[in-house]
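Chemist: Okay, so here is final.txt, and as you'll see once you scroll down, it has compact mmCIF, C-alpha atoms.
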# COMPACT_ATOMS: atom_id res chain seq x y z
CA MET A 1 0.00 0.00 0.00
CA SER A 2 1.31 3.43 -0.97
CA LEU A 3 0.10 6.40 1.11
CA LYS A 4 0.73 9.83 -0.40
CA ILE A 5 -0.06 13.21 1.16
CA ARG A 6 -0.63 16.07 -1.28
CA LYS A 7 -2.17 19.52 -1.52
CA ALA A 8 -5.78 19.53 -2.67
CA ASP A 9 -6.74 21.14 -5.97
CA VAL A 10 -10.05 22.25 -7.43
CA LYS A 11 -10.79 18.78 -8.85
CA ASP A 12 -10.95 17.46 -5.28
CA ALA A 13 -14.01 19.58 -4.45
CA PRO A 14 -16.51 16.64 -4.44
CA PHE A 15 -14.33 14.61 -2.05
CA LEU A 16 -13.68 17.64 0.17
CA ALA A 17 -17.43 18.29 0.36
CA GLN A 18 -17.98 14.70 1.47
CA MET A 19 -15.35 14.95 4.22
CA ILE A 20 -16.52 18.39 5.42
CA LEU A 21 -20.08 17.07 5.78
CA GLN A 22 -18.88 13.93 7.56
CA SER A 23 -16.79 16.02 9.94
CA SER A 24 -19.55 18.54 10.71
CA ARG A 25 -22.01 15.79 11.58
CA ALA A 26 -19.50 13.85 13.69
CA GLY A 27 -21.88 10.98 14.32
CA LYS A 28 -24.94 13.24 14.77
CA LYS A 29 -28.02 13.26 12.54
CA SER A 30 -27.27 16.79 11.45
CA GLY A 31 -24.48 19.31 11.80
CA LEU A 32 -23.68 22.94 11.12
CA PHE A 33 -24.02 22.72 7.34
CA ASP A 34 -27.43 21.04 7.53
CA LEU A 35 -28.48 24.10 9.54
CA ILE A 36 -26.76 26.68 7.31
CA PHE A 37 -28.05 25.24 4.02
CA GLU A 38 -31.50 24.59 5.52
CA SER A 39 -31.81 21.14 3.99
CA ASN A 40 -31.98 17.45 4.83
CA ASP A 41 -31.02 16.56 1.27
CA ASP A 42 -27.42 15.34 1.24
CA LYS A 43 -27.10 15.91 -2.50
CA LYS A 44 -28.04 19.59 -2.16
CA ILE A 45 -25.75 20.11 0.86
CA LEU A 46 -22.83 18.45 -0.93
CA GLN A 47 -23.35 20.68 -3.98
CA CYS A 48 -23.29 23.76 -1.73
CA LEU A 49 -20.16 22.52 0.04
CA GLU A 50 -18.43 21.86 -3.29
CA ALA A 51 -19.13 25.47 -4.22
CA LEU A 52 -17.96 26.65 -0.79
CA THR A 53 -14.53 25.08 -1.36
CA GLN A 54 -14.10 27.22 -4.49
CA THR A 55 -15.34 30.68 -3.52
CA VAL A 56 -13.49 33.93 -4.18
CA ALA A 57 -13.70 34.68 -0.45
CA LYS A 58 -10.88 32.65 1.13
CA ASN A 59 -12.97 30.99 3.83
CA HIS A 60 -11.58 28.15 5.95
CA CYS A 61 -13.35 25.54 3.77
CA HIS A 62 -11.46 26.66 0.64
CA TYR A 63 -9.71 23.81 -1.17
CA GLU A 64 -6.35 25.59 -0.97
CA ASN A 65 -6.34 24.99 2.81
CA PHE A 66 -6.56 21.20 2.49
CA LEU A 67 -4.19 18.30 2.36
CA ILE A 68 -5.48 15.02 0.94
CA ALA A 69 -4.29 11.50 1.68
CA ASP A 70 -4.26 9.18 -1.33
CA LEU A 71 -3.89 5.44 -0.81
CA ASP A 72 -2.98 3.55 -3.97
CA GLY A 73 -4.50 6.39 -6.00
CA GLN A 74 -7.76 6.65 -4.01
CA SER A 75 -8.51 9.72 -1.87
CA VAL A 76 -9.11 8.45 1.67
CA GLY A 77 -8.62 11.39 4.06
CA THR A 78 -8.38 15.14 4.55
CA LEU A 79 -6.99 17.74 6.90
CA CYS A 80 -7.65 21.47 6.66
CA SER A 81 -5.20 23.99 8.12
CA TYR A 82 -6.00 27.68 7.95
CA GLU A 83 -4.81 31.00 9.28
CA PRO A 84 -7.49 32.76 11.41
CA ARG A 85 -6.17 36.19 10.32
CA ILE A 86 -7.13 35.32 6.71
CA ALA A 87 -10.04 32.88 7.09
CA THR A 88 -12.08 35.20 9.28
CA LYS A 89 -15.75 35.03 10.26
CA LYS A 90 -16.39 37.71 7.63
CA ALA A 91 -14.69 35.60 4.94
CA PHE A 92 -16.90 32.65 5.89
CA GLU A 93 -20.05 34.78 5.73
CA ASP A 94 -18.98 36.27 2.38
CA ALA A 95 -18.32 32.79 0.99
CA LEU A 96 -21.70 31.52 2.15
CA MET A 97 -23.40 34.48 0.47
CA GLU A 98 -21.45 33.67 -2.71
CA VAL A 99 -22.93 30.17 -2.80
CA GLY A 100 -26.45 31.53 -2.37
CA CYS A 101 -27.20 31.19 1.32
CA SER A 102 -30.32 32.88 2.60
CA GLU A 103 -30.52 36.26 4.26
CA ASP A 104 -31.10 34.45 7.56
CA LEU A 105 -27.41 33.60 7.60
CA GLU A 106 -26.72 35.56 10.78
CA GLN A 107 -29.40 33.53 12.59
CA SER A 108 -27.95 30.23 11.31
CA LEU A 109 -24.45 31.19 12.44
CA GLU A 110 -25.59 32.41 15.86
CA VAL A 111 -25.11 28.90 17.26
CA LEU A 112 -21.47 29.01 16.14
CA TYR A 113 -20.79 32.49 17.45
CA GLN A 114 -22.39 31.87 20.83
CA CYS A 115 -20.07 28.91 21.37
CA ASP A 116 -16.97 30.54 19.92
CA PHE A 117 -13.46 30.92 21.34
CA ASN A 118 -11.27 33.99 21.22
CA ILE A 119 -8.69 32.56 18.81
CA ASN A 120 -5.23 34.10 18.67
CA THR A 121 -4.48 35.08 15.07
CA ARG A 122 -0.87 33.92 15.49
CA VAL A 123 -1.86 30.26 15.72
CA LEU A 124 -2.70 27.84 12.93
CA MET A 125 -6.11 26.17 13.08
CA PHE A 126 -6.82 22.56 12.10
CA ASP A 127 -10.22 21.29 11.00
CA PHE A 128 -11.90 18.51 8.99
CA LEU A 129 -9.44 15.78 10.04
CA GLU A 130 -11.35 12.92 8.45
CA GLU A 131 -10.91 9.59 6.73
CA LEU A 132 -13.16 7.23 4.82
CA GLU A 133 -14.63 4.30 6.71
CA GLY A 134 -12.50 1.22 6.29
CA PHE A 135 -9.16 3.04 6.41
CA VAL A 136 -8.88 3.59 10.16
CA ASP A 137 -5.81 1.42 10.77
CA VAL A 138 -3.53 2.47 7.93
CA GLY A 139 -2.14 5.68 9.48
CA VAL A 140 -4.01 8.16 7.26
CA LEU A 141 -4.78 10.79 9.91
CA LYS A 142 -1.35 10.57 11.54
CA ALA A 143 0.37 11.08 8.17
CA LEU A 144 -1.87 14.08 7.38
CA MET A 145 -1.14 15.66 10.76
CA GLN A 146 2.62 15.10 10.53
CA LYS A 147 2.74 16.72 7.10
CA SER A 148 0.60 19.67 8.27
CA LEU A 149 2.74 20.30 11.34
CA LEU A 150 5.90 20.20 9.24
CA THR A 151 4.43 22.70 6.76
CA ALA A 152 3.21 24.91 9.64
CA ARG A 153 6.69 24.95 11.16
CA LEU A 154 8.20 26.02 7.85
CA LYS A 155 5.70 28.91 7.77
CA GLY A 156 6.90 30.03 11.19
CA TYR A 157 4.03 28.72 13.31
CA ARG A 158 4.78 27.11 16.67
CA ILE A 159 1.25 26.57 17.99
CA ALA A 160 -1.67 24.81 16.29
CA GLN A 161 -5.21 24.53 17.63
CA ALA A 162 -8.38 22.62 16.84
CA ILE A 163 -11.99 22.85 18.00
CA VAL A 164 -13.85 19.60 18.71
CA GLU A 165 -17.34 18.94 20.03
CA ILE A 166 -17.72 17.89 23.64
CA GLY A 167 -18.73 14.24 23.35
CA SER A 168 -16.80 13.51 20.13
CA LEU A 169 -14.75 10.99 22.07
CA GLU A 170 -12.91 9.33 19.17
CA THR A 171 -11.83 12.64 17.68
CA LEU A 172 -10.75 14.01 21.07
CA LEU A 173 -8.79 10.85 21.80
CA PHE A 174 -7.04 10.97 18.46
CA TYR A 175 -5.97 14.60 18.86
CA LYS A 176 -4.70 13.83 22.38
CA LYS A 177 -2.69 10.85 21.07
CA LEU A 178 -0.99 13.30 18.69
CA GLY A 179 -0.01 15.52 21.60
CA PHE A 180 -2.86 18.06 21.71
CA LYS A 181 -4.05 19.22 25.12
CA GLU A 182 -7.40 20.69 26.18
CA VAL A 183 -7.02 24.39 26.94
CA GLN A 184 -10.62 25.55 27.16
CA GLU A 185 -14.13 24.12 27.20
CA LYS A 186 -17.27 26.06 26.39
CA GLU A 187 -20.78 24.79 27.07
CA CYS A 188 -23.62 26.45 25.19
CA ASP A 189 -27.37 25.91 25.56
CA LEU A 190 -28.12 26.88 21.95
CA TYR A 191 -25.52 24.41 20.65
CA LYS A 192 -27.06 21.64 22.76
CA GLU A 193 -30.53 22.56 21.52
CA LYS A 194 -29.48 22.43 17.85
CA PHE A 195 -27.06 19.51 17.84
CA GLY A 196 -27.51 17.57 21.07
CA ARG A 197 -23.92 18.18 22.17
CA SER A 198 -23.21 20.42 25.14
CA GLY A 199 -20.58 22.59 23.46
CA LEU A 200 -17.00 22.70 22.19
CA VAL A 201 -13.45 22.01 23.36
CA LEU A 202 -10.39 24.00 22.25
CA LEU A 203 -7.27 21.85 21.85
CA SER A 204 -3.72 23.10 21.39
CA ILE A 205 -0.27 21.76 20.55
CA GLU A 206 3.17 23.39 20.59
CA PHE A 207 5.67 22.01 18.11
Written as structure tokens, how would this file's structure read?
Modeler:
Amino acid sequence: MSLKIRKADVKDAPFLAQMILQSSRAGKKSGLFDLIFESNDDKKILQCLEALTQTVAKNHCHYENFLIADLDGQSVGTLCSYEPRIATKKAFEDALMEVGCSEDLEQSLEVLYQCDFNINTRVLMFDFLEELEGFVDVGVLKALMQKSLLTARLKGYRIAQAIVEIGSLETLLFYKKLGFKEVQEKECDLYKEKFGRSGLVLLSIEF
């Protein structure tokens, strides 16, 4: 088996959409993008997410922020790393408007903003660390993370952070195995009402 880590390009948009949706749901019936795109139709949500990875506004879901793991030529995993000073809340809102989100966008994002952390713009953020089912034991996520940390170091970053749902035990455990530590936890009634999880955890690693 040959595992290769590479930068994503625009042709990867359908796969990125699939992994973003999988990550946002994290074992729940619905996640943030079900709420934002106001749909239970996976096909429609995936189309919107594909568009979101290609917007002019450089939001954190943009394909240029992603690494992809290929195993014997098949895409099997992703990891997004983005700079909070560039991929701002405003950039995300602009990108969502680009892909045709409704005017109720502020209301949809309220759940995110109520449960938000005050992120330092000098750190690198990780998100959408995902792999296809059936590839759990071949080192996909570890290889993605190692490559991302190496790239981050070359860019001058020394701290990386990630935000994970309280209750996403597998994801939390994996980040901790890689050396991340919990630095802050935020419970939020609105988040629990919408998604059934009590809030979010901020994890951090120095490298």
Chemist: Which one is closest to Leu52 of chain A: A:Ala95, A:Lys28, A:Gln22, A:Asn40? Count only C-alpha atoms.
Modeler: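 When distances to Leu52 of chain A are compared using only C-alpha atoms, the smallest one comes from A:Ala95.
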Chemist: So which one's closest to Leu46 of chain A, A:Leu178, A:Leu3, A:Leu154, A:Ala13? Using only C-alpha atoms, please.
Modeler: A:Ala13
Chemist: Neighbours of segment 134-141 of chain A within 9 Å (all atoms listed in the file; same-chain residues fewer than 6 positions away dropped), as a ChimeraX atom specification?
Modeler: /A:3,5,69-71,76-79,174
Chemist: Please measure the separation of atom CA of Tyr157 of chain A and atom CA of Met125 of chain A, giving the value in Å to one decimal.
Modeler: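 That distance, rounded to one decimal, is 10.5 Å.
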Chemist: Write out as a list in words the residues lying within 10 Å of segment 73-75 of chain A, counting all atoms listed in the file and excluding same-chain residues fewer than 4 positions away.
Modeler: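 Near neighbours after the sequence-gap exclusion: Met1, Ser2, Leu3, Lys4, Ile5, Asp12, Phe15, Leu16, Ile68, Ala69, Glu131 and Leu132 of chain A.
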Chemist: Please identify all polymer residues lying at most 12 Å from the point (-20.8, 33.3, 11.6) (file coordinates), using all atoms listed in the file, and present the result as a list in words.
Modeler: Leu32, Phe33, Ile36, Asn59, His60, Ala87, Thr88, Lys89, Lys90, Ala91, Phe92, Glu93, Asp94, Ala95, Leu96, Met97, Asp104, Leu105, Glu106, Gln107, Ser108, Leu109, Glu110, Val111, Leu112, Tyr113, Gln114, Cys115 and Asp116 of chain A
Chemist: Taking all atoms listed in the file into account, name the residue in A:Phe195, A:Gly156, A:Lys147, A:Arg85 that is nearest to Ser30 of chain A.
Modeler: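 Comparing A:Phe195, A:Gly156, A:Lys147, A:Arg85 against Ser30 of chain A, the winner is A:Phe195.
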Chemist: Using Å and a single decimal, report how far atom CA of Ala143 of chain A sits from atom CA of Leu169 of chain A.
Modeler: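 Spanning atom CA of Leu169 of chain A to atom CA of Ala143 of chain A is a straight-line distance of 20.5 Å.
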Chemist: Report the distance between atom CA of Ile86 of chain A and atom CA of Arg25 of chain A in Å, rounded to one decimal place.
Modeler: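 Between atom CA of Ile86 of chain A and atom CA of Arg25 of chain A the gap works out to 25.0 Å.
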Chemist: Which residue out of A:Ile119, A:Met19, A:Ile166, A:Val99 has the minimum interatomic distance to Val56 of chain A when all atoms listed in the file are used?
Modeler: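 Using all atoms listed in the file, the shortest distance to Val56 of chain A belongs to A:Val99.
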Chemist: Let me make sure I understand: among A:Leu202, A:Val10, A:Ala51, A:Leu67, which one has the smallest atom-to-atom distance to Met145 of chain A if we use all atoms listed in the file?
Modeler: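 Residue with the minimum atom-to-atom distance to Met145 of chain A: A:Leu67.
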Chemist: With a distance cut-off of 12 Å and all atoms listed in the file, select the neighbouring residues of Lys44 of chain A, excluding the residue or stretch itself and same-chain residues fewer than 3 positions from it, and output the selection as a PDB file with C-alpha atoms, in the frame of the given file.
Modeler:
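To be explicit, this is the file written out as part.pdb:
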ATOM      1  CA  ALA A  17     -17.430  18.290   0.360  1.00  0.00           C
ATOM      2  CA  GLN A  18     -17.980  14.700   1.470  1.00  0.00           C
ATOM      3  CA  LEU A  21     -20.080  17.070   5.780  1.00  0.00           C
ATOM      4  CA  PHE A  33     -24.020  22.720   7.340  1.00  0.00           C
ATOM      5  CA  ASP A  34     -27.430  21.040   7.530  1.00  0.00           C
ATOM      6  CA  ILE A  36     -26.760  26.680   7.310  1.00  0.00           C
ATOM      7  CA  PHE A  37     -28.050  25.240   4.020  1.00  0.00           C
ATOM      8  CA  GLU A  38     -31.500  24.590   5.520  1.00  0.00           C
ATOM      9  CA  SER A  39     -31.810  21.140   3.990  1.00  0.00           C
ATOM     10  CA  ASN A  40     -31.980  17.450   4.830  1.00  0.00           C
ATOM     11  CA  ASP A  41     -31.020  16.560   1.270  1.00  0.00           C
ATOM     12  CA  GLN A  47     -23.350  20.680  -3.980  1.00  0.00           C
ATOM     13  CA  CYS A  48     -23.290  23.760  -1.730  1.00  0.00           C
ATOM     14  CA  LEU A  49     -20.160  22.520   0.040  1.00  0.00           C
ATOM     15  CA  GLU A  50     -18.430  21.860  -3.290  1.00  0.00           C
ATOM     16  CA  ALA A  51     -19.130  25.470  -4.220  1.00  0.00           C
ATOM     17  CA  VAL A  99     -22.930  30.170  -2.800  1.00  0.00           C
TER      18      VAL A  99
END
Chemist: May I have the protein, DNA and RNA residues with any atom at most 7 Å from the point (-5.0, 21.6, -3.1), counting only C-alpha atoms, written as a list of chain:residue names?
Modeler: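 Nearby residues: A:Lys7, A:Ala8, A:Asp9, A:Val10, A:Tyr63, A:Glu64, A:Asn65, A:Phe66, A:Leu67.
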